[in-house]
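First the structure, in the form of structure tokens, and then the observations on it.
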Amino acid sequence: MAAGGAALGILAAFWASKALGPVIPEDWYRVGEASIDLNVLLFTLAVTIGAVLVFGLAPALGATRTDLAAALKEGGRAGWSAGAMRVRRGLVVFQVVMAVVLISGMGLMVRSLVAARSTALGFRPDDVLVVEASPPESDYPTWENVRAYLDRVTREVERLPGVRRVANAAFLPLNNETSTTQLARPGREPARSEDWPLAVANRVSAGYFDAMAIPVMAGRDFGPEDGPDAPTVVVVSRSVAERHWPGERPLGRTILIGEPGDTRAAIIVGVVGEVRHQGIAVATEPMVYFAASQGGGRRRFVIVRGERDPAALASPVRQAMHLIDASLPLTVRPLSNIVNENLLPWSLPSRVLTVLGAVALLLASLGIYGLVAYSVAQRRREIGVRMALGATRERIRRGFLEEGLRLSVIGLVIGIVAALVTGRLMASRLFDVGPFDAVTLGAVLVVFAGVAVGASLLPAARASRVEPVSVLREL
């Protein structure tokens with residue numbers, strides 16, 4: 001039995017490694033491909049052999065100490081001792097406890113994943129393709145050369161069928177990159193440097209807010225009038241406007257940007273909605289957007305919003321950009337991939353715990369079924385005698401059903417306590433879900449009530465079908 005289970009386990013491990021490898025993003029410090037390590041496999045086989053010796057040796061030794069006279073008197077049907085049955089019941093209870101803990105953890109992670117997926121990001125990643133490009137200094141020595149390249153990319157890509165909007169930015173939301181700056185309202189600068197409020201800074205081109213579906217709440221987007229020689233302009237998020245100009249209109253106002261003693265003035269031309277830039281689980285932060293036409297770095301993210309699946313636009317966009325510069329390396333991916341990578345802290349544990357919970361639930365079901373079925377087999381003569389003395393089939397069935405339910409209830413009570421402790425330990429990993437989630441615990445109770453009844457019902461029904469006449473003939 002152990003050898004068969006080990007063979008199936010090895011096959012499942014190879015399958016899981018193949019399935020898990022592509023799920024792990026490259027930027028999660030991945031080194032090589034996920035595969036089965038020979039040392040780990042040998043260790044697992046050693047543990048399997050050890051489990052066979054430990055759990056198989058005790059009943060084997062017990063069988064060698066069977067009282068021959070007692071066995072003959074029972075007609076070869078000597079059952080387990082009371083101590084052995086207690087151990088068996090204890091193992092079944094332990095299986096139920098582990099299943100409750102794993103399924104509760106799975107429920108908390110799934111609830112966190114659902115909450116994370118429904119979180120308002122402040123932008124809409126659907127139908128958006130992102131192309132990362134870094135024009136080298138050898139071919140693009142000045143910012144004007146870089147800007148000319150980006151302008152040409154914008155024109156060429158916008159001509160492609162199915163493309164609605166093209167823009168570029170220095171940083172992307174949820175891409176694990178952040179640049180910050182300090183802000184102050186002229187005449188109300190805090191005296192100490194550490195008291196100046198921080199804001200996340202980004203440099204974007206005209207059309208960025210439209211391409212990302214970030215609502216412009218007041219004012220305007222960047223435009224052709226915001227050139228290198230024009231006054232410095234910025235677009236700020238709503239929280240910046242409300243903090244520095246509460247109840248006032250911030251458009252056309254001047255804001256100081258930079259460190260105290262080394263600031264520059266910028267004119268606010270627009271106010272946009274809040275965006276979760278640093279992570280799904282991180283609250284929105286104040287943001288200030290600079291015009292890409294007034295300066296910027298070399299690495300840029302070209303943002304293409306299309307009218308169809310962004311994967312279908314990947315090849316045409318890549319070809320259009322290679323016609324402009326075939327030597328420039330490009331990284332092309334849908335924006336939704338970046339969002340999904342941010343969901344991995346909940347989606348990956350949810351998948352793992354789902355598999356482990358399903359296995360634990362199956363083992364607990366088999367344990368309850370096996371224990372009740374064994375009890376029915378060992379007590380067959382007792383059942384026949386009781387029925388001959390007037391016990392009804394319903395009463396016999398109910399008695400064995402209660403035996404399985406009793407073990408399930410004990411395991412469920414201990415498991416719920418253990419699940420609460422485990423939930424407390426998982427609290428830092430949860431999102432918008434408390435460690436003592438009533439919905440999750442309620443679902444666990446319903447699932448295990450069904451499991452306990454289902455696992456106990458079949459052997460209990462078999463017990464109620466015992467024919468007392470045939471049993472009495474065997475006496």
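All residue names refer to the structure tokens as shown: chains lettered A, B, ... in order, residues numbered from 1 in each chain, ligands numbered from 1 in order.
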
Residues of segment 324-439 of chain A that have any atom at most 10 Å from an atom of segment 125-139 of chain A: could you tabulate them with the shortest-distance atom pair and the distance in Å to one decimal, using only C-alpha atoms, ordered by chain and increasing number, as JSON lines?
{"residue": "A:Asp325", "atom": "CA", "partner": "A:Pro135", "partner_atom": "CA", "distance": 9.4}
{"residue": "A:Ser327", "atom": "CA", "partner": "A:Pro135", "partner_atom": "CA", "distance": 9.7}
{"residue": "A:Leu328", "atom": "CA", "partner": "A:Pro135", "partner_atom": "CA", "distance": 6.7}
{"residue": "A:Pro329", "atom": "CA", "partner": "A:Ala133", "partner_atom": "CA", "distance": 6.6}
{"residue": "A:Leu330", "atom": "CA", "partner": "A:Ala133", "partner_atom": "CA", "distance": 5.3}
{"residue": "A:Thr331", "atom": "CA", "partner": "A:Glu132", "partner_atom": "CA", "distance": 5.0}
{"residue": "A:Val332", "atom": "CA", "partner": "A:Val131", "partner_atom": "CA", "distance": 4.5}
{"residue": "A:Arg333", "atom": "CA", "partner": "A:Val130", "partner_atom": "CA", "distance": 5.5}
{"residue": "A:Pro334", "atom": "CA", "partner": "A:Leu129", "partner_atom": "CA", "distance": 4.3}
{"residue": "A:Leu335", "atom": "CA", "partner": "A:Pro125", "partner_atom": "CA", "distance": 5.4}
{"residue": "A:Ser336", "atom": "CA", "partner": "A:Pro125", "partner_atom": "CA", "distance": 5.3}
{"residue": "A:Asn337", "atom": "CA", "partner": "A:Pro125", "partner_atom": "CA", "distance": 8.9}
{"residue": "A:Ile338", "atom": "CA", "partner": "A:Pro125", "partner_atom": "CA", "distance": 8.9}
{"residue": "A:Val339", "atom": "CA", "partner": "A:Pro125", "partner_atom": "CA", "distance": 7.7}

Export, as an mmCIF file, in the first residue's frame, the selected residues with C-alpha atoms.
data_model
loop_
_atom_site.group_PDB
_atom_site.id
_atom_site.type_symbol
_atom_site.label_atom_id
_atom_site.label_comp_id
_atom_site.auth_asym_id
_atom_site.auth_seq_id
_atom_site.Cartn_x
_atom_site.Cartn_y
_atom_site.Cartn_z
ATOM 1 C CA ASP A 325 14.619 50.520 -33.949
ATOM 2 C CA SER A 327 18.174 46.660 -32.142
ATOM 3 C CA LEU A 328 16.265 47.871 -29.077
ATOM 4 C CA PRO A 329 15.242 45.022 -26.700
ATOM 5 C CA LEU A 330 11.566 45.060 -25.753
ATOM 6 C CA THR A 331 9.639 43.388 -22.951
ATOM 7 C CA VAL A 332 5.965 43.002 -23.873
ATOM 8 C CA ARG A 333 3.230 41.823 -21.492
ATOM 9 C CA PRO A 334 -0.381 42.640 -20.569
ATOM 10 C CA LEU A 335 -0.874 44.983 -17.635
ATOM 11 C CA SER A 336 -3.188 42.374 -16.100
ATOM 12 C CA ASN A 337 -0.133 40.100 -15.663
ATOM 13 C CA ILE A 338 1.398 42.656 -13.313
ATOM 14 C CA VAL A 339 -1.836 42.794 -11.340
#

List the neighbours of segment 228-231 of chain A out to 8 Å using only C-alpha atoms; skip same-chain residues closer than 3 positions along the sequence, and give me the result as a list in words.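 So, after excluding close chain neighbours, the residues are Glu225, Ala266, Ile267, Ser293, Gln294 and Gly295 of chain A.
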
Contact check, segment 301-399 of chain A to segment 143-167 of chain A, at most 8 Å, counting only C-alpha atoms, closest pairs as JSON lines:
{"residue": "A:Val302", "atom": "CA", "partner": "A:Ala167", "partner_atom": "CA", "distance": 5.8}
{"residue": "A:Ile303", "atom": "CA", "partner": "A:Ala167", "partner_atom": "CA", "distance": 5.2}
{"residue": "A:Val304", "atom": "CA", "partner": "A:Val166", "partner_atom": "CA", "distance": 4.7}
{"residue": "A:Arg305", "atom": "CA", "partner": "A:Arg165", "partner_atom": "CA", "distance": 5.2}
{"residue": "A:Gly306", "atom": "CA", "partner": "A:Val163", "partner_atom": "CA", "distance": 4.3}
{"residue": "A:Glu307", "atom": "CA", "partner": "A:Gly162", "partner_atom": "CA", "distance": 5.1}
{"residue": "A:Arg308", "atom": "CA", "partner": "A:Gly162", "partner_atom": "CA", "distance": 6.7}
{"residue": "A:Leu313", "atom": "CA", "partner": "A:Gly162", "partner_atom": "CA", "distance": 7.9}
{"residue": "A:Pro316", "atom": "CA", "partner": "A:Leu160", "partner_atom": "CA", "distance": 7.4}
{"residue": "A:Val317", "atom": "CA", "partner": "A:Val157", "partner_atom": "CA", "distance": 6.2}
{"residue": "A:Ala320", "atom": "CA", "partner": "A:Val157", "partner_atom": "CA", "distance": 6.4}
{"residue": "A:Met321", "atom": "CA", "partner": "A:Val153", "partner_atom": "CA", "distance": 6.2}
{"residue": "A:Ile324", "atom": "CA", "partner": "A:Val153", "partner_atom": "CA", "distance": 7.4}

Residue subset to file, keeping N, CA and C atoms, as a compact mmCIF listing (two decimals), in the first residue's frame:
# COMPACT_ATOMS: atom_id res chain seq x y z
N VAL A 302 5.82 51.86 -22.44
CA VAL A 302 4.84 52.29 -23.44
C VAL A 302 3.52 51.57 -23.14
N ILE A 303 2.47 52.32 -22.95
CA ILE A 303 1.17 51.79 -22.53
C ILE A 303 0.21 51.86 -23.71
N VAL A 304 -0.31 50.72 -24.10
CA VAL A 304 -1.18 50.63 -25.27
C VAL A 304 -2.54 50.11 -24.81
N ARG A 305 -3.55 50.95 -24.90
CA ARG A 305 -4.91 50.48 -24.61
C ARG A 305 -5.58 50.13 -25.92
N GLY A 306 -6.06 48.88 -25.98
CA GLY A 306 -6.68 48.41 -27.21
C GLY A 306 -8.16 48.18 -27.06
N GLU A 307 -8.75 47.73 -28.14
CA GLU A 307 -10.18 47.43 -28.16
C GLU A 307 -10.43 45.92 -28.09
N ARG A 308 -9.37 45.14 -27.86
CA ARG A 308 -9.49 43.68 -27.83
C ARG A 308 -8.45 43.13 -26.86
N LEU A 313 -2.55 42.09 -29.55
CA LEU A 313 -1.84 43.28 -30.01
C LEU A 313 -0.33 43.16 -29.83
N PRO A 316 1.73 42.80 -33.35
CA PRO A 316 1.75 44.03 -34.16
C PRO A 316 2.49 45.19 -33.50
N VAL A 317 2.34 45.34 -32.18
CA VAL A 317 3.02 46.44 -31.49
C VAL A 317 4.54 46.22 -31.52
N ALA A 320 5.82 47.02 -35.00
CA ALA A 320 5.85 48.45 -35.26
C ALA A 320 7.03 49.13 -34.58
N MET A 321 7.33 48.73 -33.35
CA MET A 321 8.45 49.33 -32.63
C MET A 321 9.79 48.86 -33.18
N ILE A 324 11.00 50.89 -36.07
CA ILE A 324 11.63 52.15 -35.67
C ILE A 324 13.06 51.91 -35.22

If you run DSSP on the backbone here, which positions in segment 324-430 of chain A get strand (DSSP E or B)? Please write them as a ChimeraX atom specification. /A:330-334

Could you please write out, as a ChimeraX atom specification, every residue of segment 46-255 of chain A that DSSP assigns to helix (DSSP H, G or I)? /A:46-64,68-73,82-117,143-158,193-195,208-212,238-244

Extract, using only C-alpha atoms, all DNA, RNA and protein residues at most 7 Å from Pro286 of chain A, discarding same-chain residues fewer than 3 positions from it, and format them as a PyMOL selection string. chain A and resi 199-200+237+239-240

Atoms to include: N, CA and C atoms. Write the selected residues as a PDB file, in the first residue's frame.
ATOM      1  N   ALA A 199       5.008  62.363  -1.358  1.00  0.00           N
ATOM      2  CA  ALA A 199       4.089  61.913  -2.405  1.00  0.00           C
ATOM      3  C   ALA A 199       4.864  61.029  -3.371  1.00  0.00           C
ATOM      4  N   VAL A 200       4.172  60.047  -3.946  1.00  0.00           N
ATOM      5  CA  VAL A 200       4.768  59.206  -4.974  1.00  0.00           C
ATOM      6  C   VAL A 200       4.845  60.008  -6.264  1.00  0.00           C
ATOM      7  N   SER A 237      -2.879  64.012  -7.439  1.00  0.00           N
ATOM      8  CA  SER A 237      -4.020  63.194  -7.044  1.00  0.00           C
ATOM      9  C   SER A 237      -4.931  63.998  -6.120  1.00  0.00           C
ATOM     10  N   SER A 239      -5.973  63.470  -3.140  1.00  0.00           N
ATOM     11  CA  SER A 239      -5.544  63.620  -1.751  1.00  0.00           C
ATOM     12  C   SER A 239      -4.555  64.761  -1.575  1.00  0.00           C
ATOM     13  N   VAL A 240      -3.712  65.016  -2.586  1.00  0.00           N
ATOM     14  CA  VAL A 240      -2.781  66.152  -2.518  1.00  0.00           C
ATOM     15  C   VAL A 240      -3.561  67.459  -2.530  1.00  0.00           C
TER      16      VAL A 240
END

Contacts of Thr119 of chain A at 9 Å or less, counting only C-alpha atoms, minus same-chain residues fewer than 5 places along, as number ranges by chain? A: 114, 280-281

For the residues selected in the previous step, produce a file with C-alpha atoms as a PDB file, in the first residue's frame.
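Here's the written file part_34.pdb:
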ATOM      1  CA  VAL A 114     -11.582  37.474  -3.534  1.00  0.00           C
ATOM      2  CA  ILE A 280      -2.933  45.993  -3.600  1.00  0.00           C
ATOM      3  CA  ALA A 281      -2.689  45.708   0.180  1.00  0.00           C
TER       4      ALA A 281
END

For segment 416-426 of chain A: contacts at 9 Å, only C-alpha atoms, fewer than 6 positions along chain excluded, given as a compact mmCIF listing (two decimals) with C-alpha atoms, in the first residue's frame:
# COMPACT_ATOMS: atom_id res chain seq x y z
CA VAL A 97 -8.41 18.22 13.21
CA MET A 98 -5.80 18.57 10.44
CA VAL A 100 -10.33 21.46 9.68
CA VAL A 101 -7.14 23.52 10.08
CA LEU A 102 -6.16 23.21 6.41
CA ILE A 103 -9.63 23.92 5.06
CA SER A 104 -10.03 26.90 7.40
CA GLY A 105 -6.69 28.26 6.19
CA LEU A 108 -9.22 32.52 4.76
CA GLY A 434 -10.12 38.78 9.99
CA PRO A 435 -8.43 35.66 11.40
CA PHE A 436 -11.73 34.79 13.15
CA ASP A 437 -13.89 34.93 10.04
CA LEU A 441 -15.80 28.87 10.15
CA VAL A 444 -16.14 24.51 7.66
CA LEU A 445 -18.89 23.41 10.02

When you count only C-alpha atoms, which of these residues is closest to Ser179 of chain A: A:Glu194, A:Val409, A:Ala460, A:Arg203? A:Arg203

Write out as a ChimeraX atom specification which residues come within 10 Å of Val233 of chain A when counting only C-alpha atoms, dropping same-chain ones fewer than 2 positions away. /A:222,226-227,230-231,235-236,252,254-255,265-270,289-291,294

Go ahead and save the picked residues with C-alpha atoms, as a PDB file, in the first residue's frame.
ATOM      1  CA  PHE A 222      -0.732  67.185 -20.243  1.00  0.00           C
ATOM      2  CA  ASP A 226       3.703  71.663 -21.881  1.00  0.00           C
ATOM      3  CA  GLY A 227       7.010  71.609 -23.732  1.00  0.00           C
ATOM      4  CA  ALA A 230       7.205  75.974 -20.838  1.00  0.00           C
ATOM      5  CA  PRO A 231       6.699  76.476 -17.095  1.00  0.00           C
ATOM      6  CA  VAL A 235      -1.059  66.820 -12.199  1.00  0.00           C
ATOM      7  CA  VAL A 236      -1.791  65.814  -8.606  1.00  0.00           C
ATOM      8  CA  GLY A 252      -3.455  77.135 -11.417  1.00  0.00           C
ATOM      9  CA  THR A 254       1.803  76.758  -7.368  1.00  0.00           C
ATOM     10  CA  ILE A 255       3.227  73.881  -5.349  1.00  0.00           C
ATOM     11  CA  ALA A 265       7.845  75.517  -8.216  1.00  0.00           C
ATOM     12  CA  ALA A 266       5.280  73.770 -10.417  1.00  0.00           C
ATOM     13  CA  ILE A 267       1.836  74.797 -11.575  1.00  0.00           C
ATOM     14  CA  ILE A 268      -1.057  72.400 -10.969  1.00  0.00           C
ATOM     15  CA  VAL A 269      -3.024  71.867 -14.189  1.00  0.00           C
ATOM     16  CA  GLY A 270      -5.106  68.846 -13.221  1.00  0.00           C
ATOM     17  CA  TYR A 289       2.656  63.426 -12.010  1.00  0.00           C
ATOM     18  CA  PHE A 290       5.231  65.349 -14.040  1.00  0.00           C
ATOM     19  CA  ALA A 291       5.019  65.909 -17.784  1.00  0.00           C
ATOM     20  CA  GLN A 294       9.599  68.329 -19.754  1.00  0.00           C
TER      21      GLN A 294
END
